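Structure, as structure tokens:
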Amino acid sequence: MIAELRNVSKTYNEVAALDNVNLEIREGEIFGLLGPSGSGKTTILRILALIEKPISGEVYFNGTKVTERNIQELRMQTTMVFQKTAVFNTTVYNNVAYGLKLRKVAEDTIKKQVSDVLDLVGLQGFEKRYANRLSGGEQQRVALARALVLRTKLVLLDEPTANLDPRNAAVIENVIDKANHELGTTFVVATHNIFQAKSLPQRIALLRNGRIEQSGTAAEVFSSLSKTLASFAAVENTFVGEAKFSAGGTTVVEIGNGVQIETTAHVQGKAQVFIDPREVIVSKKPFASSARNVFKCRIVEIVDAGKVVKVKVDIKGKLFTVQITRRSLDDLKLHVGSDVFLTFKASSVQAI
């Protein structure tokens, strides 16, 4: 066991952030902390990083209890990457080498380790570029490289992809997975992204109000579809239904009133599906498409959301939300009461 929390509680201004948390992190695993903002994810990370101290309970590293005597030594075994990426106003090389220089590592060794880790995160050739001029995704990779180059036993990541687009988020997830497999690095990843929590870690803990409500493998946690998970995941176009495999190799989820949604996700039994409002096409007439989901419906509400418009439609008593541009709304001459068609691909439907 690389790290362990035993009966740990923490308060801030008399408000409980953690309430009697017990947690075990196994060496060589990716462990996910899943929960909404304020659930206690970051507090757990800061306690594991030995930045914060619990008001009660005990923290262990490799079986050794953390005390005032050994805290500085044990702190060298872990490093944390914060949610808000912070890079120094200097080159990528200097950013990544900074921690090694503080530890007085030999210059030749620093050059080798920086080169290796930049190759790992896909930033080879970026050594002389200024880190603060890079894109958000590249800066996040610099921050991750700065943590990995120290070769600590435990790396703690606080919402590592929260501010990134899907492509850059996938790159970061790939780097984490690669470092875990190639370097044997143990990761604890705090996230509010249920799909990331489902695919990236080997085990996860579901948090709510400072307590761990459920823990286990991703399959175990997501298969039960607990009330906590369901309420946390309650976003636009979220539906619960019964999933069955179809003859065509996809999955059909019956969400009620005869409405069936087709998805490429492999789930069976009780399931929860999510459709991103941006992934849905609105049209006045059905059009030829490979998309498996096509529904005729009626607009019941139009909400101005600034640069975009959210259109709510009724499909046999089920409300869907679609996000389109104001220009599309005007071009299609849409209004409350208009009959329209919704089209979205089976691959756009996420399911747990």
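Identifiers in the structure tokens: chain A, B, ... in order shown; residue index from 1 per chain; ligand index from 1 in order shown.
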Strand (DSSP E) residues, from DSSP on the backbone, in stretch 94-342 of chain A, as an MDAnalysis selection string: chainID A and resid 154:158 186:191 203:208 211:217 238:245 251:256 259:263 269:275 281:283 293:305 308:315 318:325 339:342
In stretch 130-292 of chain A, DSSP alpha helix (DSSP H) residues written as a PyMOL selection string: chain A and resi 136-148+166-183+194-199+218-224+227-232
Emit the selected residues as a short mmCIF file (atom, residue, chain, number, x, y, z; two decimals), in the first residue's frame, including N, CA and C atoms.
data_model
loop_
_atom_site.label_atom_id
_atom_site.label_comp_id
_atom_site.auth_asym_id
_atom_site.auth_seq_id
_atom_site.Cartn_x
_atom_site.Cartn_y
_atom_site.Cartn_z
N GLY A 136 -3.09 25.89 -23.91
CA GLY A 136 -3.49 25.38 -22.60
C GLY A 136 -3.16 23.91 -22.43
N GLY A 137 -3.40 23.11 -23.47
CA GLY A 137 -3.10 21.69 -23.41
C GLY A 137 -1.61 21.43 -23.30
N GLU A 138 -0.81 22.20 -24.02
CA GLU A 138 0.64 22.04 -23.95
C GLU A 138 1.17 22.47 -22.59
N GLN A 139 0.63 23.55 -22.03
CA GLN A 139 1.04 23.97 -20.70
C GLN A 139 0.71 22.90 -19.65
N GLN A 140 -0.43 22.25 -19.81
CA GLN A 140 -0.79 21.19 -18.87
C GLN A 140 0.19 20.03 -18.97
N ARG A 141 0.66 19.76 -20.18
CA ARG A 141 1.66 18.70 -20.35
C ARG A 141 3.00 19.09 -19.74
N VAL A 142 3.33 20.38 -19.80
CA VAL A 142 4.55 20.86 -19.13
C VAL A 142 4.43 20.65 -17.62
N ALA A 143 3.27 21.00 -17.06
CA ALA A 143 3.05 20.82 -15.62
C ALA A 143 3.14 19.34 -15.24
N LEU A 144 2.61 18.48 -16.10
CA LEU A 144 2.66 17.05 -15.84
C LEU A 144 4.09 16.54 -15.95
N ALA A 145 4.83 17.03 -16.94
CA ALA A 145 6.24 16.64 -17.11
C ALA A 145 7.05 17.08 -15.90
N ARG A 146 6.76 18.27 -15.37
CA ARG A 146 7.47 18.78 -14.20
C ARG A 146 7.27 17.87 -12.99
N ALA A 147 6.09 17.27 -12.90
CA ALA A 147 5.83 16.33 -11.81
C ALA A 147 6.49 14.98 -12.07
N LEU A 148 6.37 14.48 -13.29
CA LEU A 148 6.88 13.14 -13.61
C LEU A 148 8.41 13.08 -13.57
N PRO A 166 -11.75 18.28 -25.86
CA PRO A 166 -11.67 16.82 -25.88
C PRO A 166 -10.37 16.26 -26.44
N ARG A 167 -9.82 16.89 -27.48
CA ARG A 167 -8.59 16.37 -28.08
C ARG A 167 -7.42 16.46 -27.11
N ASN A 168 -7.25 17.62 -26.48
CA ASN A 168 -6.15 17.79 -25.53
C ASN A 168 -6.38 16.98 -24.26
N ALA A 169 -7.65 16.83 -23.87
CA ALA A 169 -7.95 15.99 -22.71
C ALA A 169 -7.52 14.56 -22.97
N ALA A 170 -7.78 14.07 -24.19
CA ALA A 170 -7.40 12.70 -24.55
C ALA A 170 -5.88 12.53 -24.53
N VAL A 171 -5.15 13.57 -24.94
CA VAL A 171 -3.69 13.52 -24.92
C VAL A 171 -3.20 13.38 -23.48
N ILE A 172 -3.76 14.19 -22.56
CA ILE A 172 -3.35 14.13 -21.15
C ILE A 172 -3.67 12.75 -20.56
N GLU A 173 -4.85 12.23 -20.86
CA GLU A 173 -5.22 10.91 -20.34
C GLU A 173 -4.27 9.84 -20.86
N ASN A 174 -3.85 9.97 -22.12
CA ASN A 174 -2.92 9.01 -22.71
C ASN A 174 -1.56 9.09 -22.02
N VAL A 175 -1.12 10.31 -21.69
CA VAL A 175 0.16 10.49 -21.00
C VAL A 175 0.11 9.84 -19.61
N ILE A 176 -0.99 10.04 -18.91
CA ILE A 176 -1.15 9.44 -17.57
C ILE A 176 -1.08 7.92 -17.67
N ASP A 177 -1.83 7.37 -18.63
CA ASP A 177 -1.85 5.92 -18.81
C ASP A 177 -0.47 5.39 -19.19
N LYS A 178 0.22 6.12 -20.06
CA LYS A 178 1.56 5.71 -20.52
C LYS A 178 2.57 5.75 -19.37
N ALA A 179 2.53 6.81 -18.57
CA ALA A 179 3.45 6.93 -17.43
C ALA A 179 3.19 5.85 -16.40
N ASN A 180 1.92 5.51 -16.23
CA ASN A 180 1.55 4.46 -15.29
C ASN A 180 2.12 3.11 -15.75
N HIS A 181 2.02 2.82 -17.04
CA HIS A 181 2.48 1.53 -17.55
C HIS A 181 4.00 1.48 -17.73
N GLU A 182 4.59 2.55 -18.25
CA GLU A 182 6.02 2.52 -18.56
C GLU A 182 6.90 2.85 -17.36
N LEU A 183 6.46 3.75 -16.50
CA LEU A 183 7.27 4.15 -15.35
C LEU A 183 6.80 3.50 -14.05
N ILE A 194 -17.50 11.97 -15.23
CA ILE A 194 -17.84 10.58 -14.98
C ILE A 194 -17.30 9.65 -16.06
N PHE A 195 -17.16 10.14 -17.29
CA PHE A 195 -16.67 9.29 -18.36
C PHE A 195 -15.16 9.07 -18.22
N GLN A 196 -14.45 10.08 -17.76
CA GLN A 196 -13.03 9.92 -17.47
C GLN A 196 -12.84 8.93 -16.32
N ALA A 197 -13.67 9.06 -15.29
CA ALA A 197 -13.58 8.16 -14.14
C ALA A 197 -13.92 6.72 -14.52
N LYS A 198 -14.74 6.57 -15.54
CA LYS A 198 -15.13 5.23 -15.97
C LYS A 198 -14.02 4.54 -16.75
N SER A 199 -13.21 5.32 -17.48
CA SER A 199 -12.25 4.72 -18.41
C SER A 199 -10.79 4.77 -17.97
N ALA A 218 -14.06 0.55 -11.45
CA ALA A 218 -15.01 1.39 -12.19
C ALA A 218 -16.26 0.59 -12.54
N ALA A 219 -16.07 -0.67 -12.94
CA ALA A 219 -17.21 -1.51 -13.30
C ALA A 219 -18.15 -1.71 -12.12
N GLU A 220 -17.59 -1.90 -10.93
CA GLU A 220 -18.41 -2.11 -9.74
C GLU A 220 -19.21 -0.85 -9.39
N VAL A 221 -18.55 0.29 -9.41
CA VAL A 221 -19.21 1.54 -9.02
C VAL A 221 -20.27 1.93 -10.02
N PHE A 222 -19.96 1.83 -11.31
CA PHE A 222 -20.91 2.29 -12.32
C PHE A 222 -22.02 1.30 -12.59
N SER A 223 -21.78 0.03 -12.30
CA SER A 223 -22.83 -0.95 -12.57
C SER A 223 -24.02 -0.81 -11.64
N SER A 224 -23.79 -0.28 -10.43
CA SER A 224 -24.89 -0.18 -9.47
C SER A 224 -25.77 1.04 -9.70
N LYS A 227 -27.88 6.29 -6.27
CA LYS A 227 -28.57 7.57 -6.29
C LYS A 227 -27.57 8.72 -6.33
N THR A 228 -26.46 8.56 -5.61
CA THR A 228 -25.43 9.61 -5.61
C THR A 228 -24.88 9.82 -7.01
N LEU A 229 -24.54 8.72 -7.68
CA LEU A 229 -24.00 8.80 -9.03
C LEU A 229 -25.04 9.37 -9.99
N ALA A 230 -26.26 8.93 -9.86
CA ALA A 230 -27.32 9.39 -10.75
C ALA A 230 -27.59 10.88 -10.58
N SER A 231 -27.63 11.34 -9.31
CA SER A 231 -27.90 12.76 -9.07
C SER A 231 -26.73 13.63 -9.50
N PHE A 232 -25.50 13.13 -9.29
CA PHE A 232 -24.31 13.87 -9.68
C PHE A 232 -24.24 14.00 -11.20
#
Neighbour list for A:Val294 as number ranges by chain, cut-off 8 Å, only C-alpha atoms, skip fewer than 4 positions in-chain: A: 286, 341-344
Stretch 63-66 of chain A environment, 9 Å, only C-alpha atoms, sequence neighbours closer than 3 positions dropped, as a PyMOL selection string: chain A and resi 1-4+50+58-60+69-71+74
Nearby residues (only C-alpha atoms) at most 12 Å from A:Gln260, same-chain spacing under 5 positions excluded, as a list in words: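 Selected residues are Phe239, Val240, Gly241, Glu242, Ala243, Lys244, Ser246, Thr251, Val252, Val253, Glu254, Ile255, Val273, Arg292, Asn293, Val294, Phe295, Ile315, Lys316, Lys318, Ala346 and Val349 of chain A.
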Selection: 9 Å around A:Leu118, only C-alpha atoms, excl. self and same-chain fewer than 2 positions, as a PyMOL selection string: chain A and resi 93+96+113-116+120-127+141-142+145+149
All heavy atoms of the current selection, written as a compact mmCIF listing (two decimals), in the first residue's frame:
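What follows is the written file result_4.txt:
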# COMPACT_ATOMS: atom_id res chain seq x y z
N TYR A 93 12.29 23.77 -20.97
CA TYR A 93 13.37 23.03 -20.30
C TYR A 93 13.55 23.51 -18.86
O TYR A 93 13.61 22.70 -17.93
CB TYR A 93 14.69 23.20 -21.06
CG TYR A 93 15.85 22.47 -20.41
CD1 TYR A 93 16.14 21.15 -20.77
CD2 TYR A 93 16.63 23.08 -19.42
CE1 TYR A 93 17.18 20.46 -20.17
CE2 TYR A 93 17.67 22.39 -18.81
CZ TYR A 93 17.94 21.09 -19.18
OH TYR A 93 18.97 20.41 -18.56
N VAL A 96 10.68 22.32 -16.56
CA VAL A 96 10.70 20.90 -16.21
C VAL A 96 11.91 20.58 -15.32
O VAL A 96 11.82 19.73 -14.41
CB VAL A 96 10.70 20.03 -17.47
CG1 VAL A 96 10.77 18.55 -17.13
CG2 VAL A 96 9.43 20.31 -18.29
N GLN A 113 16.98 13.23 -17.95
CA GLN A 113 15.64 13.02 -17.42
C GLN A 113 14.62 13.98 -18.03
O GLN A 113 13.48 13.59 -18.28
CB GLN A 113 15.65 13.14 -15.89
CG GLN A 113 16.39 11.99 -15.23
CD GLN A 113 16.35 12.01 -13.71
OE1 GLN A 113 17.16 11.39 -13.05
NE2 GLN A 113 15.40 12.73 -13.15
N VAL A 114 15.02 15.22 -18.28
CA VAL A 114 14.12 16.17 -18.93
C VAL A 114 13.81 15.72 -20.35
O VAL A 114 12.66 15.75 -20.80
CB VAL A 114 14.72 17.59 -18.93
CG1 VAL A 114 13.89 18.53 -19.82
CG2 VAL A 114 14.79 18.15 -17.52
N SER A 115 14.83 15.26 -21.07
CA SER A 115 14.63 14.78 -22.44
C SER A 115 13.68 13.59 -22.45
O SER A 115 12.76 13.52 -23.29
CB SER A 115 15.98 14.38 -23.05
OG SER A 115 15.81 13.84 -24.34
N ASP A 116 13.88 12.67 -21.53
CA ASP A 116 13.02 11.47 -21.47
C ASP A 116 11.57 11.83 -21.19
O ASP A 116 10.65 11.29 -21.82
CB ASP A 116 13.54 10.52 -20.40
CG ASP A 116 14.85 9.83 -20.80
OD1 ASP A 116 15.21 9.90 -21.99
OD2 ASP A 116 15.50 9.24 -19.91
N LEU A 120 8.03 11.54 -23.32
CA LEU A 120 6.88 10.83 -22.78
C LEU A 120 5.59 11.64 -22.95
O LEU A 120 4.54 11.08 -23.31
CB LEU A 120 7.10 10.53 -21.29
CG LEU A 120 5.95 9.81 -20.57
CD1 LEU A 120 5.86 8.36 -21.03
CD2 LEU A 120 6.15 9.86 -19.06
N VAL A 121 5.67 12.96 -22.73
CA VAL A 121 4.46 13.79 -22.80
C VAL A 121 4.25 14.39 -24.20
O VAL A 121 3.34 15.19 -24.40
CB VAL A 121 4.48 14.92 -21.75
CG1 VAL A 121 4.61 14.35 -20.35
CG2 VAL A 121 5.58 15.94 -22.03
N GLY A 122 5.10 14.01 -25.15
CA GLY A 122 4.92 14.48 -26.52
C GLY A 122 5.35 15.91 -26.76
O GLY A 122 4.79 16.59 -27.63
N LEU A 123 6.34 16.38 -26.00
CA LEU A 123 6.83 17.75 -26.18
C LEU A 123 8.31 17.77 -26.55
O LEU A 123 9.00 18.75 -26.28
CB LEU A 123 6.61 18.57 -24.90
CG LEU A 123 5.15 18.90 -24.56
CD1 LEU A 123 5.07 19.67 -23.24
CD2 LEU A 123 4.48 19.72 -25.67
N GLN A 124 8.80 16.72 -27.17
CA GLN A 124 10.18 16.73 -27.61
C GLN A 124 10.36 17.83 -28.66
O GLN A 124 9.51 18.03 -29.52
CB GLN A 124 10.60 15.36 -28.17
CG GLN A 124 9.77 14.87 -29.34
CD GLN A 124 8.56 14.07 -28.92
OE1 GLN A 124 7.73 14.56 -28.18
NE2 GLN A 124 8.46 12.85 -29.42
N GLY A 125 11.46 18.57 -28.57
CA GLY A 125 11.68 19.70 -29.47
C GLY A 125 11.14 21.01 -28.94
O GLY A 125 11.32 22.07 -29.56
N PHE A 126 10.46 20.99 -27.79
CA PHE A 126 9.88 22.19 -27.20
C PHE A 126 10.80 22.83 -26.15
O PHE A 126 10.42 23.81 -25.52
CB PHE A 126 8.54 21.86 -26.52
CG PHE A 126 7.38 21.76 -27.46
CD1 PHE A 126 7.35 20.80 -28.47
CD2 PHE A 126 6.29 22.62 -27.36
CE1 PHE A 126 6.28 20.69 -29.33
CE2 PHE A 126 5.20 22.52 -28.21
CZ PHE A 126 5.20 21.55 -29.21
N GLU A 127 11.99 22.27 -25.96
CA GLU A 127 12.85 22.69 -24.85
C GLU A 127 13.09 24.19 -24.78
O GLU A 127 13.10 24.79 -23.70
CB GLU A 127 14.22 21.97 -24.94
CG GLU A 127 14.18 20.50 -24.62
CD GLU A 127 13.81 19.64 -25.83
OE1 GLU A 127 13.38 20.21 -26.87
OE2 GLU A 127 13.95 18.41 -25.75
N ARG A 141 0.66 19.76 -20.18
CA ARG A 141 1.66 18.70 -20.35
C ARG A 141 3.00 19.09 -19.74
O ARG A 141 3.73 18.24 -19.22
CB ARG A 141 1.82 18.35 -21.84
CG ARG A 141 0.75 17.40 -22.34
CD ARG A 141 1.05 16.93 -23.74
NE ARG A 141 0.53 17.86 -24.73
CZ ARG A 141 0.88 17.86 -26.02
NH1 ARG A 141 1.79 17.00 -26.45
NH2 ARG A 141 0.34 18.71 -26.86
N VAL A 142 3.33 20.38 -19.80
CA VAL A 142 4.55 20.86 -19.13
C VAL A 142 4.43 20.65 -17.62
O VAL A 142 5.37 20.17 -16.97
CB VAL A 142 4.81 22.35 -19.44
CG1 VAL A 142 5.94 22.90 -18.56
CG2 VAL A 142 5.15 22.54 -20.91
N ALA A 145 4.83 17.03 -16.94
CA ALA A 145 6.24 16.64 -17.11
C ALA A 145 7.05 17.08 -15.90
O ALA A 145 7.95 16.36 -15.43
CB ALA A 145 6.80 17.27 -18.38
N VAL A 149 9.08 14.17 -13.92
CA VAL A 149 10.54 14.16 -13.98
C VAL A 149 11.16 13.92 -12.60
O VAL A 149 12.29 13.43 -12.49
CB VAL A 149 11.08 15.47 -14.60
CG1 VAL A 149 11.07 16.62 -13.58
CG2 VAL A 149 12.47 15.28 -15.19
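You can rank A:Glu262, A:Asp330, A:Glu213, A:Glu52 by their closest distance to A:Gly249 using only C-alpha atoms, and at the top of that list sits A:Glu262.
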Nearest residue to A:Ile44 from the set A:Thr91, A:Ser9, A:Thr186, A:Ser348 (distances using only C-alpha atoms):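 Using only C-alpha atoms, the shortest distance to A:Ile44 belongs to A:Ser9.
Taking only C-alpha atoms into account, A:Ala205 lies nearest to A:Phe31 out of the set A:Phe287, A:Tyr12, A:Phe82, A:Phe31.
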For A:Arg326, find every residue with an atom within 9 Å (counting only C-alpha atoms), except residues of its own chain fewer than 3 positions away, and show them as a PDB file with N, CA and C atoms, in the first residue's frame.
ATOM      1  N   ASP A 304     -32.373  31.837 -24.716  1.00  0.00           N
ATOM      2  CA  ASP A 304     -31.220  32.595 -25.205  1.00  0.00           C
ATOM      3  C   ASP A 304     -30.070  32.398 -24.225  1.00  0.00           C
ATOM      4  N   GLY A 306     -26.792  33.548 -24.799  1.00  0.00           N
ATOM      5  CA  GLY A 306     -25.683  34.381 -25.268  1.00  0.00           C
ATOM      6  C   GLY A 306     -25.410  34.138 -26.738  1.00  0.00           C
ATOM      7  N   LYS A 307     -24.225  33.591 -27.043  1.00  0.00           N
ATOM      8  CA  LYS A 307     -23.855  33.348 -28.432  1.00  0.00           C
ATOM      9  C   LYS A 307     -24.608  32.168 -29.037  1.00  0.00           C
ATOM     10  N   VAL A 308     -25.170  31.338 -28.178  1.00  0.00           N
ATOM     11  CA  VAL A 308     -25.914  30.179 -28.667  1.00  0.00           C
ATOM     12  C   VAL A 308     -27.342  30.213 -28.139  1.00  0.00           C
ATOM     13  N   VAL A 309     -28.159  29.325 -28.683  1.00  0.00           N
ATOM     14  CA  VAL A 309     -29.550  29.212 -28.258  1.00  0.00           C
ATOM     15  C   VAL A 309     -29.801  27.762 -27.855  1.00  0.00           C
ATOM     16  N   LEU A 329     -31.013  29.154 -35.817  1.00  0.00           N
ATOM     17  CA  LEU A 329     -32.400  29.358 -35.377  1.00  0.00           C
ATOM     18  C   LEU A 329     -33.146  30.235 -36.362  1.00  0.00           C
ATOM     19  N   ASP A 330     -32.484  31.330 -36.782  1.00  0.00           N
ATOM     20  CA  ASP A 330     -33.116  32.268 -37.712  1.00  0.00           C
ATOM     21  C   ASP A 330     -33.267  31.664 -39.105  1.00  0.00           C
ATOM     22  N   ASP A 331     -32.215  30.968 -39.570  1.00  0.00           N
ATOM     23  CA  ASP A 331     -32.255  30.380 -40.916  1.00  0.00           C
ATOM     24  C   ASP A 331     -33.359  29.344 -41.040  1.00  0.00           C
TER      25      ASP A 331
END
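The shortest atom-to-atom distance to A:Ala351, with only C-alpha atoms taken into account, belongs to A:Lys270 out of A:Ser290, A:Val336, A:Lys270, A:Arg327.
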